[in-house]
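As stored in model19.cif (mmCIF, C-alpha atoms):
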data_protein
loop_
_atom_site.label_atom_id
_atom_site.label_comp_id
_atom_site.auth_asym_id
_atom_site.auth_seq_id
_atom_site.Cartn_x
_atom_site.Cartn_y
_atom_site.Cartn_z
CA MET A 1 -45.34 -13.13 174.51
CA THR A 2 -43.88 -11.36 177.53
CA GLU A 3 -45.78 -8.31 178.61
CA ASN A 4 -43.92 -5.02 178.55
CA LYS A 5 -44.62 -3.73 182.04
CA THR A 6 -43.67 -0.15 181.24
CA ASN A 7 -46.01 0.06 178.29
CA LYS A 8 -49.12 2.00 179.28
CA SER A 9 -50.81 1.41 175.95
CA VAL A 10 -53.30 -1.43 175.90
CA PRO A 11 -54.05 -2.89 172.44
CA GLY A 12 -57.48 -1.88 171.20
CA ILE A 13 -57.84 1.02 173.64
CA CYS A 14 -56.76 4.66 173.58
CA LEU A 15 -58.52 5.95 176.70
CA SER A 16 -59.47 3.24 179.18
CA TRP A 17 -62.96 3.04 180.65
CA GLU A 18 -61.43 3.02 184.12
CA GLU A 19 -59.92 6.46 183.54
CA VAL A 20 -63.04 7.88 181.95
CA ARG A 21 -65.24 6.39 184.68
CA LYS A 22 -63.57 8.60 187.30
CA GLU A 23 -64.96 11.69 185.58
CA LEU A 24 -68.51 10.42 185.19
CA PRO A 25 -71.40 10.85 187.64
CA ASP A 26 -72.75 7.86 189.54
CA ILE A 27 -74.17 5.23 187.24
CA ASN A 28 -77.56 3.86 188.22
CA GLY A 29 -77.89 1.67 185.16
CA ASP A 30 -75.86 -1.12 183.65
CA GLU A 31 -72.22 -0.08 183.88
CA ALA A 32 -71.09 -3.10 181.87
CA LEU A 33 -73.13 -1.83 178.92
CA PHE A 34 -71.54 1.62 179.17
CA LYS A 35 -68.11 0.04 179.39
CA ARG A 36 -68.69 -2.29 176.42
CA ILE A 37 -69.92 0.46 174.10
CA TRP A 38 -67.15 2.81 175.22
CA GLU A 39 -64.57 0.18 174.37
CA ASP A 40 -66.23 -0.60 171.02
CA ASN A 41 -65.81 3.03 170.05
CA GLU A 42 -62.30 3.10 171.48
CA ALA A 43 -61.44 0.26 169.14
CA LEU A 44 -62.36 2.48 166.18
CA ALA A 45 -60.04 5.27 167.33
CA TYR A 46 -57.32 2.71 167.95
CA MET A 47 -57.85 1.20 164.51
CA TYR A 48 -57.62 4.66 162.97
CA ILE A 49 -54.16 5.47 164.26
CA TRP A 50 -52.65 2.00 163.86
CA GLN A 51 -54.07 1.55 160.37
CA LEU A 52 -52.59 4.91 159.40
CA VAL A 53 -49.22 3.61 160.54
CA LEU A 54 -49.56 0.15 159.02
CA SER A 55 -51.62 0.59 155.87
CA PHE A 56 -51.30 4.20 154.75
CA MET B 1 -69.85 -22.99 135.48
CA ASP B 2 -71.89 -21.84 138.44
CA LYS B 3 -69.88 -19.08 140.14
CA GLU B 4 -70.30 -20.44 143.65
CA LYS B 5 -69.13 -23.85 142.51
CA LEU B 6 -66.18 -22.21 140.79
CA TYR B 7 -65.43 -20.23 143.94
CA GLN B 8 -65.44 -23.35 146.10
CA GLN B 9 -63.15 -25.14 143.64
CA ARG B 10 -60.73 -22.25 143.63
CA LEU B 11 -60.84 -21.79 147.40
CA LYS B 12 -60.07 -25.47 147.93
CA ARG B 13 -57.22 -25.32 145.40
CA TYR B 14 -55.73 -22.19 146.95
CA VAL B 15 -56.04 -23.35 150.55
CA THR B 16 -54.70 -26.84 149.76
CA ALA B 17 -51.56 -25.34 148.20
CA MET B 18 -51.10 -22.95 151.13
CA ARG B 19 -51.19 -25.92 153.50
CA ASN B 20 -48.25 -27.23 151.44
CA GLU B 21 -50.32 -30.02 149.93
CA LYS B 22 -51.11 -30.96 146.35
CA PRO B 23 -54.35 -29.55 144.89
CA ASP B 24 -55.96 -30.51 141.57
CA MET B 25 -53.88 -27.89 139.77
CA ILE B 26 -51.54 -25.04 140.59
CA PRO B 27 -53.47 -22.08 141.99
CA ILE B 28 -52.88 -18.71 140.37
CA ARG B 29 -52.93 -15.75 142.76
CA PRO B 30 -51.34 -12.75 141.09
CA PHE B 31 -50.88 -9.63 143.19
CA VAL B 32 -51.98 -7.28 140.45
CA ALA B 33 -51.89 -3.62 141.42
CA GLU B 34 -51.56 -0.88 138.77
CA PHE B 35 -51.66 -3.65 136.18
CA THR B 36 -55.42 -3.75 136.75
CA ALA B 37 -55.67 -0.08 135.79
CA LYS B 38 -53.67 -0.60 132.63
CA TYR B 39 -55.81 -3.58 131.67
CA ALA B 40 -59.13 -1.91 132.47
CA GLY B 41 -58.27 1.41 130.82
CA TYR B 42 -57.75 3.58 133.88
CA THR B 43 -54.84 5.80 134.90
CA CYS B 44 -52.86 5.30 138.07
CA GLN B 45 -54.42 8.49 139.37
CA GLN B 46 -57.89 7.08 138.84
CA VAL B 47 -57.34 3.82 140.69
CA SER B 48 -55.32 5.47 143.46
CA HIS B 49 -57.76 8.27 144.12
CA ASP B 50 -61.13 6.63 143.48
CA TYR B 51 -61.28 3.24 145.14
CA ASN B 52 -64.49 2.35 143.32
CA LEU B 53 -62.55 2.54 140.06
CA ALA B 54 -59.85 0.36 141.61
CA PHE B 55 -62.53 -2.16 142.57
CA GLU B 56 -63.90 -2.05 139.02
CA ALA B 57 -60.45 -2.65 137.58
CA ALA B 58 -59.90 -5.64 139.88
CA CYS B 59 -63.28 -7.08 138.90
CA LYS B 60 -62.54 -6.57 135.20
CA CYS B 61 -59.38 -8.65 135.59
CA ALA B 62 -61.16 -11.26 137.71
CA GLY B 63 -63.70 -11.66 134.93
CA ASP B 64 -61.19 -11.91 132.10
CA PHE B 65 -58.38 -13.99 133.65
CA ASP B 66 -58.71 -17.47 135.10
CA TRP B 67 -57.22 -16.54 138.46
CA ASP B 68 -58.07 -18.37 141.65
CA ALA B 69 -57.51 -15.47 144.03
CA ILE B 70 -56.67 -11.79 143.93
CA VAL B 71 -56.51 -8.93 146.39
CA PRO B 72 -59.77 -6.94 146.14
CA ASN B 73 -57.71 -3.78 145.67
CA MET B 74 -53.96 -4.18 145.49
CA VAL B 75 -53.58 -0.44 144.86
CA TYR B 76 -54.28 -0.42 148.54
CA VAL B 77 -53.35 3.14 149.51
CA TRP B 78 -56.42 5.21 148.74
CA THR B 79 -54.94 8.65 148.22
CA GLY B 80 -58.33 10.25 148.81
CA LEU B 81 -57.96 9.16 152.42
CA THR B 82 -54.35 10.23 152.75
CA GLN B 83 -55.30 13.63 151.36
CA ALA B 84 -58.21 13.97 153.81
CA VAL B 85 -55.88 13.21 156.72
CA GLY B 86 -53.20 15.48 155.24
CA LEU B 87 -50.43 12.87 155.18
CA LYS B 88 -47.27 14.40 153.79
CA TYR B 89 -45.38 11.29 152.82
CA TYR B 90 -47.17 10.20 149.68
CA GLY B 91 -46.38 11.15 146.15
CA VAL B 92 -49.87 11.19 144.65
CA PRO B 93 -50.38 10.31 140.97
CA GLY B 94 -51.61 13.33 139.01
CA MET B 95 -50.32 15.72 141.66
CA ASP B 96 -46.83 14.86 142.85
CA VAL B 97 -46.00 12.26 140.21
CA PRO B 98 -47.33 11.72 136.66
CA VAL B 99 -50.88 10.41 136.31
CA ASP B 100 -49.64 7.02 135.15
CA THR B 101 -47.00 6.49 137.79
CA GLY B 102 -47.96 4.51 140.87
CA PHE B 103 -48.17 6.34 144.19
CA GLN B 104 -44.81 6.82 145.91
CA TYR B 105 -43.66 6.82 149.53
CA ARG B 106 -41.41 9.76 150.35
CA GLU B 107 -39.17 9.18 153.33
CA PRO B 108 -38.22 12.42 155.11
CA PRO B 109 -34.56 13.43 155.49
CA GLU B 110 -32.84 12.16 158.61
CA ASP B 111 -33.14 15.44 160.53
CA GLU B 112 -36.88 15.55 159.84
CA ALA B 113 -37.62 11.96 160.84
CA PHE B 114 -41.16 11.50 162.13
CA MET B 115 -39.66 10.26 165.41
CA ARG B 116 -36.54 11.94 166.80
CA GLU B 117 -33.63 10.00 168.25
CA ASP B 118 -34.28 11.29 171.78
CA GLU B 119 -37.95 10.25 171.80
CA TYR B 120 -37.55 6.50 172.22
CA ASP B 121 -38.55 6.52 175.90
CA LEU B 122 -41.68 8.54 175.16
CA PHE B 123 -42.66 6.09 172.43
CA ILE B 124 -41.82 2.99 174.48
CA GLU B 125 -43.91 4.20 177.43
CA ASP B 126 -47.06 4.71 175.37
CA PRO B 127 -46.91 3.92 171.62
CA THR B 128 -50.54 4.75 170.88
CA GLY B 129 -50.32 8.05 172.74
CA TYR B 130 -47.10 8.89 170.94
CA LEU B 131 -48.67 8.22 167.56
CA PHE B 132 -51.61 10.53 168.27
CA ASN B 133 -49.69 13.27 170.08
CA VAL B 134 -46.36 13.40 168.28
CA TRP B 135 -46.31 11.29 165.12
CA LEU B 136 -49.59 12.37 163.54
CA PRO B 137 -48.95 16.13 163.90
CA ARG B 138 -45.64 15.59 162.13
CA THR B 139 -46.97 13.38 159.36
CA SER B 140 -50.15 15.36 158.71
CA LYS B 141 -50.06 18.91 157.43
CA TYR B 142 -53.43 19.52 159.12
CA VAL B 143 -53.12 18.04 162.61
CA SER B 144 -52.04 20.51 165.30
CA PRO B 145 -49.34 19.44 167.77
CA ALA B 146 -50.45 18.85 171.34
CA GLY B 147 -50.76 22.14 173.20
CA GLN B 148 -51.15 24.22 170.05
CA PRO B 149 -54.40 25.96 169.10
CA VAL B 150 -57.03 23.73 167.56
CA THR B 151 -57.80 24.64 163.97
CA LEU B 152 -60.58 23.89 161.53
CA ALA B 153 -58.09 21.91 159.44
CA ASN B 154 -57.16 19.84 162.51
CA ASN B 155 -60.78 19.01 163.29
CA LEU B 156 -61.60 18.18 159.69
CA SER B 157 -58.57 15.91 159.40
CA PHE B 158 -59.89 13.65 162.14
CA LEU B 159 -63.51 13.84 161.04
CA LYS B 160 -62.90 13.30 157.34
CA GLY B 161 -60.05 10.88 157.91
CA GLY B 162 -62.03 8.71 160.29
CA MET B 163 -65.13 8.65 158.15
CA ALA B 164 -63.11 8.05 155.00
CA MET B 165 -61.37 5.09 156.61
CA LEU B 166 -64.67 3.54 157.65
CA SER B 167 -66.12 4.21 154.20
CA TYR B 168 -63.15 2.52 152.57
CA PHE B 169 -62.93 -0.47 154.88
CA ASN B 170 -66.69 -1.03 154.78
CA ALA B 171 -66.54 -1.10 150.98
CA PHE B 172 -64.32 -4.18 151.05
CA GLY B 173 -67.13 -6.46 152.21
CA PRO B 174 -69.32 -5.88 149.13
CA GLN B 175 -66.24 -5.99 146.88
CA ILE B 176 -65.20 -9.37 148.27
CA GLN B 177 -68.75 -10.64 147.87
CA ARG B 178 -68.87 -9.33 144.28
CA LEU B 179 -65.65 -11.12 143.41
CA ARG B 180 -67.19 -14.29 144.77
CA SER B 181 -70.68 -14.06 143.33
CA ASP B 182 -69.91 -12.53 139.92
CA TYR B 183 -66.53 -14.08 139.13
CA GLY B 184 -66.00 -16.99 141.51
CA THR B 185 -62.77 -15.35 142.68
CA VAL B 186 -61.33 -15.72 146.18
CA SER B 187 -60.11 -12.72 148.18
CA ALA B 188 -56.45 -13.68 148.60
CA ILE B 189 -55.54 -12.27 152.02
CA ALA B 190 -57.20 -10.79 155.09
CA GLY B 191 -55.59 -8.46 157.58
CA ILE B 192 -52.27 -6.71 157.64
CA PHE B 193 -49.05 -7.23 159.53
CA LYS B 194 -45.64 -5.64 159.52
CA ALA B 195 -42.63 -6.41 161.68
CA PRO B 196 -41.92 -4.10 164.62
CA PHE B 197 -38.51 -3.34 163.14
CA ASP B 198 -40.05 -2.35 159.81
CA ILE B 199 -42.53 0.01 161.43
CA LEU B 200 -39.65 1.75 163.17
CA ALA B 201 -37.77 1.95 159.89
CA ASP B 202 -40.66 2.86 157.60
CA LYS B 203 -42.75 5.27 159.58
CA LEU B 204 -40.84 6.47 162.62
CA ARG B 205 -37.06 6.77 162.48
CA GLY B 206 -36.47 6.28 158.77
CA TYR B 207 -33.91 3.87 157.39
CA ILE B 208 -30.85 6.08 157.93
CA GLY B 209 -31.91 7.13 161.42
CA LEU B 210 -32.61 3.57 162.47
CA THR B 211 -29.33 2.37 161.02
CA ILE B 212 -27.49 4.84 163.24
CA ASP B 213 -29.64 3.88 166.22
CA LEU B 214 -28.72 0.23 165.77
CA PHE B 215 -25.15 1.16 166.66
CA GLU B 216 -25.65 4.06 169.05
CA ARG B 217 -28.73 2.95 171.03
CA PRO B 218 -29.52 -0.69 170.18
CA GLU B 219 -31.22 -1.32 173.53
CA LYS B 220 -33.69 1.50 172.84
CA VAL B 221 -34.42 -0.01 169.44
CA ARG B 222 -35.07 -3.39 171.03
CA LYS B 223 -37.42 -1.91 173.63
CA ALA B 224 -39.27 0.07 170.98
CA CYS B 225 -39.75 -3.11 168.94
CA GLU B 226 -41.02 -4.90 172.05
CA ALA B 227 -43.45 -2.05 172.73
CA LEU B 228 -44.81 -2.40 169.21
CA MET B 229 -45.32 -6.16 169.40
CA PRO B 230 -48.71 -6.37 171.17
CA HIS B 231 -50.17 -3.66 168.96
CA LEU B 232 -49.06 -5.22 165.71
CA LEU B 233 -50.32 -8.59 166.87
CA HIS B 234 -53.66 -7.11 167.87
CA THR B 235 -54.07 -5.29 164.56
CA ALA B 236 -53.12 -8.39 162.57
CA LEU B 237 -55.63 -10.59 164.37
CA SER B 238 -58.40 -7.99 164.22
CA GLY B 239 -58.39 -8.14 160.41
CA ALA B 240 -57.78 -11.87 160.01
CA ASP B 241 -60.09 -14.22 158.12
CA PRO B 242 -62.65 -15.55 160.63
CA ASP B 243 -62.88 -18.76 158.59
CA LYS B 244 -59.09 -19.16 158.84
CA ASN B 245 -58.72 -19.96 155.16
CA VAL B 246 -56.67 -17.11 153.74
CA PRO B 247 -53.52 -15.75 155.36
CA ILE B 248 -52.67 -12.44 156.98
CA GLY B 249 -50.47 -10.40 154.63
CA PHE B 250 -47.02 -9.62 156.05
CA TRP B 251 -45.19 -6.99 154.01
CA MET B 252 -41.48 -7.43 154.65
CA HIS B 253 -39.40 -4.36 154.02
CA ARG B 254 -36.06 -3.71 155.71
CA GLY B 255 -35.27 -6.60 157.97
CA CYS B 256 -33.05 -8.56 155.61
CA THR B 257 -29.39 -8.33 154.75
CA PRO B 258 -27.84 -6.05 153.62
CA PHE B 259 -30.22 -3.51 155.18
CA ILE B 260 -29.16 -4.94 158.54
CA ASN B 261 -26.42 -7.41 159.38
CA MET B 262 -26.91 -10.95 160.63
CA GLU B 263 -26.16 -10.05 164.24
CA GLN B 264 -28.84 -7.34 164.17
CA PHE B 265 -31.27 -9.75 162.58
CA HIS B 266 -30.67 -12.44 165.19
CA ASN B 267 -30.48 -10.15 168.22
CA LEU B 268 -33.21 -7.73 167.40
CA HIS B 269 -35.37 -8.26 164.35
CA TRP B 270 -36.15 -11.96 164.58
CA PRO B 271 -36.70 -12.13 168.38
CA THR B 272 -39.35 -9.41 168.09
CA LEU B 273 -40.97 -10.98 165.03
CA LYS B 274 -40.99 -14.73 165.65
CA PRO B 275 -43.20 -14.64 168.80
CA ILE B 276 -45.88 -12.72 166.90
CA ILE B 277 -45.96 -15.23 164.05
CA GLU B 278 -46.16 -18.07 166.57
CA GLU B 279 -48.99 -16.35 168.41
CA ILE B 280 -50.91 -15.75 165.17
CA TRP B 281 -50.46 -19.43 164.33
CA ARG B 282 -51.76 -20.39 167.78
CA HIS B 283 -54.90 -18.48 166.79
CA GLY B 284 -55.13 -20.67 163.68
CA HIS B 285 -54.04 -18.17 161.02
CA GLN B 286 -51.31 -18.53 158.43
CA VAL B 287 -49.12 -15.55 157.60
CA LEU B 288 -48.08 -14.74 154.05
CA PHE B 289 -44.42 -13.69 154.20
CA TYR B 290 -44.35 -11.29 151.27
CA ALA B 291 -40.55 -11.31 151.26
CA GLU B 292 -39.67 -8.22 149.27
CA GLY B 293 -35.97 -8.20 148.46
CA ARG B 294 -33.62 -11.07 149.23
CA TRP B 295 -34.19 -13.21 152.31
CA MET B 296 -32.03 -16.25 151.57
CA ASP B 297 -29.75 -15.46 154.51
CA HIS B 298 -32.68 -15.80 156.90
CA LEU B 299 -34.40 -18.96 155.72
CA ASP B 300 -32.82 -21.01 158.52
CA SER B 301 -34.56 -18.75 161.01
CA PHE B 302 -37.89 -19.10 159.26
CA LEU B 303 -37.49 -22.88 159.46
CA GLU B 304 -37.83 -22.51 163.24
CA LEU B 305 -41.52 -21.75 162.69
CA PRO B 306 -44.14 -24.53 162.81
CA ALA B 307 -44.70 -26.37 159.54
CA GLY B 308 -47.47 -24.76 157.53
CA SER B 309 -47.61 -21.63 159.66
CA ILE B 310 -46.48 -19.39 156.81
CA VAL B 311 -46.62 -19.07 153.05
CA PHE B 312 -43.31 -17.76 151.72
CA HIS B 313 -43.50 -15.44 148.74
CA VAL B 314 -40.32 -15.21 146.68
CA ASP B 315 -39.30 -11.83 145.30
CA GLN B 316 -35.64 -11.48 144.34
CA ASP B 317 -34.42 -14.73 145.81
CA ASP B 318 -33.85 -17.72 143.56
CA VAL B 319 -37.16 -19.54 143.74
CA PHE B 320 -35.48 -22.89 143.05
CA GLU B 321 -33.03 -22.49 145.92
CA VAL B 322 -35.77 -21.29 148.26
CA HIS B 323 -37.81 -24.37 147.40
CA LYS B 324 -34.89 -26.68 148.15
CA LYS B 325 -34.36 -24.99 151.48
CA ILE B 326 -37.85 -24.56 152.91
CA GLY B 327 -40.26 -26.20 150.45
CA HIS B 328 -40.60 -29.29 152.66
CA LYS B 329 -42.12 -27.15 155.39
CA PHE B 330 -43.88 -24.20 153.76
CA CYS B 331 -45.86 -23.36 150.65
CA ILE B 332 -44.02 -21.07 148.24
CA SER B 333 -45.51 -18.45 145.95
CA GLY B 334 -44.16 -16.14 143.27
CA GLY B 335 -40.70 -16.16 141.79
CA ILE B 336 -41.67 -15.23 138.21
CA PRO B 337 -39.40 -12.20 137.60
CA ASN B 338 -41.19 -8.93 136.96
CA TYR B 339 -38.68 -7.94 134.28
CA LEU B 340 -39.67 -11.06 132.41
CA LEU B 341 -43.34 -10.11 132.57
CA ALA B 342 -42.56 -6.53 131.54
CA TYR B 343 -39.91 -6.79 128.84
CA GLU B 344 -39.53 -10.32 127.53
CA SER B 345 -41.67 -12.36 125.15
CA PRO B 346 -44.64 -14.57 126.07
CA GLU B 347 -42.55 -17.58 125.00
CA LYS B 348 -39.84 -16.72 127.50
CA VAL B 349 -42.51 -16.33 130.17
CA ARG B 350 -43.86 -19.78 129.35
CA GLN B 351 -40.36 -21.28 129.46
CA PHE B 352 -39.67 -19.86 132.90
CA CYS B 353 -43.08 -20.89 134.21
CA LYS B 354 -42.41 -24.43 132.95
CA LYS B 355 -39.15 -24.56 134.86
CA VAL B 356 -40.84 -23.35 138.04
CA ILE B 357 -43.69 -25.83 137.66
CA ASP B 358 -41.27 -28.70 136.96
CA GLU B 359 -38.88 -27.96 139.80
CA VAL B 360 -40.80 -26.06 142.47
CA ALA B 361 -44.46 -26.98 142.06
CA VAL B 362 -44.01 -30.64 141.25
CA ASP B 363 -45.23 -31.91 144.63
CA GLY B 364 -47.78 -29.19 145.32
CA GLY B 365 -47.30 -26.37 147.80
CA TYR B 366 -46.75 -23.72 145.15
CA ILE B 367 -48.84 -20.72 144.05
CA MET B 368 -48.17 -19.04 140.72
CA ASP B 369 -47.44 -15.31 140.90
CA ALA B 370 -44.92 -12.71 139.85
CA SER B 371 -42.01 -11.94 142.14
CA ALA B 372 -43.20 -8.49 143.14
CA ILE B 373 -46.51 -6.69 142.93
CA MET B 374 -47.42 -6.16 139.30
CA GLN B 375 -47.63 -2.50 138.43
CA ASN B 376 -48.38 -1.10 135.01
CA GLU B 377 -45.09 -2.19 133.49
CA ALA B 378 -46.30 -5.80 133.21
CA ALA B 379 -47.29 -6.63 129.63
CA VAL B 380 -50.82 -7.94 129.19
CA ALA B 381 -49.66 -10.59 126.72
CA ASN B 382 -47.11 -11.87 129.23
CA VAL B 383 -49.57 -12.01 132.11
CA LYS B 384 -51.92 -13.93 129.82
CA ALA B 385 -49.07 -16.28 128.91
CA MET B 386 -48.30 -16.91 132.59
CA THR B 387 -51.97 -17.58 133.32
CA GLU B 388 -52.77 -19.77 130.33
CA PHE B 389 -49.58 -21.81 130.50
CA THR B 390 -50.09 -22.50 134.21
CA ARG B 391 -53.62 -23.66 133.52
CA GLU B 392 -52.51 -25.93 130.67
CA TYR B 393 -49.33 -27.33 132.16
CA GLY B 394 -49.99 -26.97 135.88
CA VAL B 395 -52.49 -29.78 136.29
CA TYR B 396 -51.47 -32.49 138.76
#

Translate the structure described by the file into structure tokens.
Amino acid sequence: MTENKTNKSVPGICLSWEEVRKELPDINGDEALFKRIWEDNEALAYMYIWQLVLSF
Amino acid sequence: MDKEKLYQQRLKRYVTAMRNEKPDMIPIRPFVAEFTAKYAGYTCQQVSHDYNLAFEAACKCAGDFDWDAIVPNMVYVWTGLTQAVGLKYYGVPGMDVPVDTGFQYREPPEDEAFMREDEYDLFIEDPTGYLFNVWLPRTSKYVSPAGQPVTLANNLSFLKGGMAMLSYFNAFGPQIQRLRSDYGTVSAIAGIFKAPFDILADKLRGYIGLTIDLFERPEKVRKACEALMPHLLHTALSGADPDKNVPIGFWMHRGCTPFINMEQFHNLHWPTLKPIIEEIWRHGHQVLFYAEGRWMDHLDSFLELPAGSIVFHVDQDDVFEVHKKIGHKFCISGGIPNYLLAYESPEKVRQFCKKVIDEVAVDGGYIMDASAIMQNEAAVANVKAMTEFTREYGVY
């Protein structure tokens, strides 16, 4: 599939970690863990809106 | 028979047919929706609004009919959830429609479409953002538009809606396991897919609005479909069967003639649909084309897909002609007319099933089912006749 370059939406994500990270204090722990859990929860929000459109 | 052994037999039968091969006998996979309520003694309101009752009704049917696979709840729209979110577009049994009428989808008038004609660029730039910021406030009576004061109703819509969705989706796992362990019944599909064009038509522009757009701004329509593609692919794959046995359900609504013409199909609908099906197949999943309406004009296009990548469900097309055209490449399901199951005699049902078995199912690659989802108009005696005759006569 060709990527739509003008499409800012990334599947599975509503707010990207990279954007949220800018507003957070310095991380002295495992950033990958923070990122993974953030994106897991993002997937739930993403599922919510797309399932409303598709299934309900 | 041991239920797990029965389950494995049925799974093998169902999967073999879907791979367009010949199983031991014709699998029966009826998409029974409000029929389950009628059979189990519930109203449409009960199975629409209390998904546990819908699960009970499905299990009651699984226990009483010799069916290989069913959908764990074919009355899929839980109106308790749609009410929690505040969705305006459903006619809810017992509230907006009679208690024994299935839930209805109410499309808004053209000038109140959930997406306006001048909002294509906004949608194309960021579909997910558009859905949250523009679409949901229009479709929900509780959600406040962006920039407007936050209300208690707004907050509760997200909280209750999100938790209700998780509650509902999480309940499917135990229901699927119950069908397997208590009845030996296979869960027929996993995951959901709709074509980009259909999402635009169903939930955004409406059929009339989109029809006008196809002539006045076709390039915007194409770009909107392209913007939808990665999201619909992602959502389809996220719900797919990890064992890659059962297909992703694809509910086909408005992409066939005469809703659109052939040029629109070939220039817009099919080019934004075919790559998704191919990508899903590359991931190892079949797609069930639940071809509501008549799709005969488009079978040549579907033949471009890899052999075995789809199961084609026949609604109003002639199942015999569909078989001649694509049966060498894809499994076919359905084709037993719903009017027959609702209004004719069991003998006439048996006669039609015999014809389908003789002409369509003779070499395998066929799954017995009605043409369209069975609501509460289907007669119990006729559904029994379809089931029992297929079991007796449909042995290879």

Proximity check chain B to chain A, 9 Å, nearest pairs one decimal Å, all atoms listed in the file, as a tab-separated table:
residue	atom	partner	partner_atom	distance
B:Tyr76	CA	A:Ser55	CA	7.9
B:Val77	CA	A:Phe56	CA	5.7
B:Trp78	CA	A:Phe56	CA	8.0
B:Thr79	CA	A:Phe56	CA	8.7
B:Leu81	CA	A:Phe56	CA	8.6
B:Thr82	CA	A:Phe56	CA	7.0
B:Leu87	CA	A:Phe56	CA	8.7
B:Tyr90	CA	A:Phe56	CA	8.9
B:Ile124	CA	A:Asn7	CA	6.4
B:Glu125	CA	A:Asn7	CA	4.7
B:Asp126	CA	A:Ser9	CA	5.0
B:Pro127	CA	A:Ser9	CA	6.3
B:Thr128	CA	A:Ser9	CA	6.1
B:Gly129	CA	A:Cys14	CA	7.3
B:Leu131	CA	A:Ile49	CA	7.0
B:Phe132	CA	A:Ile49	CA	6.9
B:Leu136	CA	A:Ile49	CA	8.3
B:Gly161	CA	A:Tyr48	CA	8.4
B:Gly162	CA	A:Tyr48	CA	6.6
B:Met165	CA	A:Tyr48	CA	7.4
B:Leu166	CA	A:Leu44	CA	8.9
B:Ile192	CA	A:Leu54	CA	7.5
B:Phe193	CA	A:Leu54	CA	7.4
B:Lys194	CA	A:Leu54	CA	7.0
B:Ile199	CA	A:Leu54	CA	7.4
B:Lys203	CA	A:Val53	CA	6.7
B:Lys223	CA	A:Asn4	CA	8.7
B:Glu226	CA	A:Asn4	CA	7.1
B:Ala227	CA	A:Asn7	CA	6.5
B:Met229	CA	A:Met1	CA	8.6
B:Pro230	CA	A:Pro11	CA	6.5
B:His231	CA	A:Pro11	CA	5.3
B:Leu232	CA	A:Trp50	CA	8.3
B:Leu233	CA	A:Pro11	CA	8.8
B:His234	CA	A:Pro11	CA	6.2
B:Thr235	CA	A:Trp50	CA	7.5
B:Pro275	CA	A:Met1	CA	6.3
B:Ile276	CA	A:Met1	CA	7.6
B:Glu279	CA	A:Met1	CA	7.8

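CA of Phe31 in chain B sits 5.3 Å away from CA of Ile373 in chain B.
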
Output of the PyMOL selection byres ((chain B and resi 337-348) around 8), listed as a ChimeraX atom specification: /B:315-316,335-336,349-352,370-372,374,377-379,381-383,385-386

Residue IDs satisfying the PyMOL selection byres ((chain B and resi 48) around 9), as a PyMOL selection string: chain B and resi 34+43-47+49-51+53-54+75-80+92-93+102-103

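Here CA of Gly206 in chain B stands at a distance of 19.8 Å from CA of Met262 in chain B.
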
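Here CA of Trp281 in chain B stands at a distance of 8.3 Å from CA of Pro306 in chain B.
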
Contacts of Trp38 in chain A within 12 Å, only C-alpha atoms, excl. fewer than 3 positions in-chain, as a PyMOL selection string: chain A and resi 12-21+31-35+41-45

Spatial neighbours of range 119-123 of chain B, max dist 7 Å, only C-alpha atoms, sep filter under 4 positions, as a PyMOL selection string: chain B and resi 115+127+130+220+224

For Arg19 in chain B: contacts at 8 Å, all atoms listed in the file, fewer than 2 positions along chain excluded, given as a list in words: Val15, Thr16, Ala17, Glu21, Gly308, Phe330, Cys331 and Gly365 of chain B

Take the residues that were just selected and, keeping C-alpha atoms, output them as a compact mmCIF listing (two decimals), in the frame of the given file.
# COMPACT_ATOMS: atom_id res chain seq x y z
CA VAL B 15 -56.04 -23.35 150.55
CA THR B 16 -54.70 -26.84 149.76
CA ALA B 17 -51.56 -25.34 148.20
CA GLU B 21 -50.32 -30.02 149.93
CA GLY B 308 -47.47 -24.76 157.53
CA PHE B 330 -43.88 -24.20 153.76
CA CYS B 331 -45.86 -23.36 150.65
CA GLY B 365 -47.30 -26.37 147.80

Residue neighbourhood Gln264 in chain B, 12 Å, only C-alpha atoms, exclusion window fewer than 6 positions, as a ChimeraX atom specification: /B:197,210-211,213-215,218-219,221-222,254-258,270-272,298

Residues just named, written with C-alpha atoms as a short mmCIF file (atom, residue, chain, number, x, y, z; two decimals), keeping the file's coordinate frame:
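To be explicit, this is the file written out as selection.cif:
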data_model
loop_
_atom_site.label_atom_id
_atom_site.label_comp_id
_atom_site.auth_asym_id
_atom_site.auth_seq_id
_atom_site.Cartn_x
_atom_site.Cartn_y
_atom_site.Cartn_z
CA PHE B 197 -38.51 -3.34 163.14
CA LEU B 210 -32.61 3.57 162.47
CA THR B 211 -29.33 2.37 161.02
CA ASP B 213 -29.64 3.88 166.22
CA LEU B 214 -28.72 0.23 165.77
CA PHE B 215 -25.15 1.16 166.66
CA PRO B 218 -29.52 -0.69 170.18
CA GLU B 219 -31.22 -1.32 173.53
CA VAL B 221 -34.42 -0.01 169.44
CA ARG B 222 -35.07 -3.39 171.03
CA ARG B 254 -36.06 -3.71 155.71
CA GLY B 255 -35.27 -6.60 157.97
CA CYS B 256 -33.05 -8.56 155.61
CA THR B 257 -29.39 -8.33 154.75
CA PRO B 258 -27.84 -6.05 153.62
CA TRP B 270 -36.15 -11.96 164.58
CA PRO B 271 -36.70 -12.13 168.38
CA THR B 272 -39.35 -9.41 168.09
CA HIS B 298 -32.68 -15.80 156.90
#
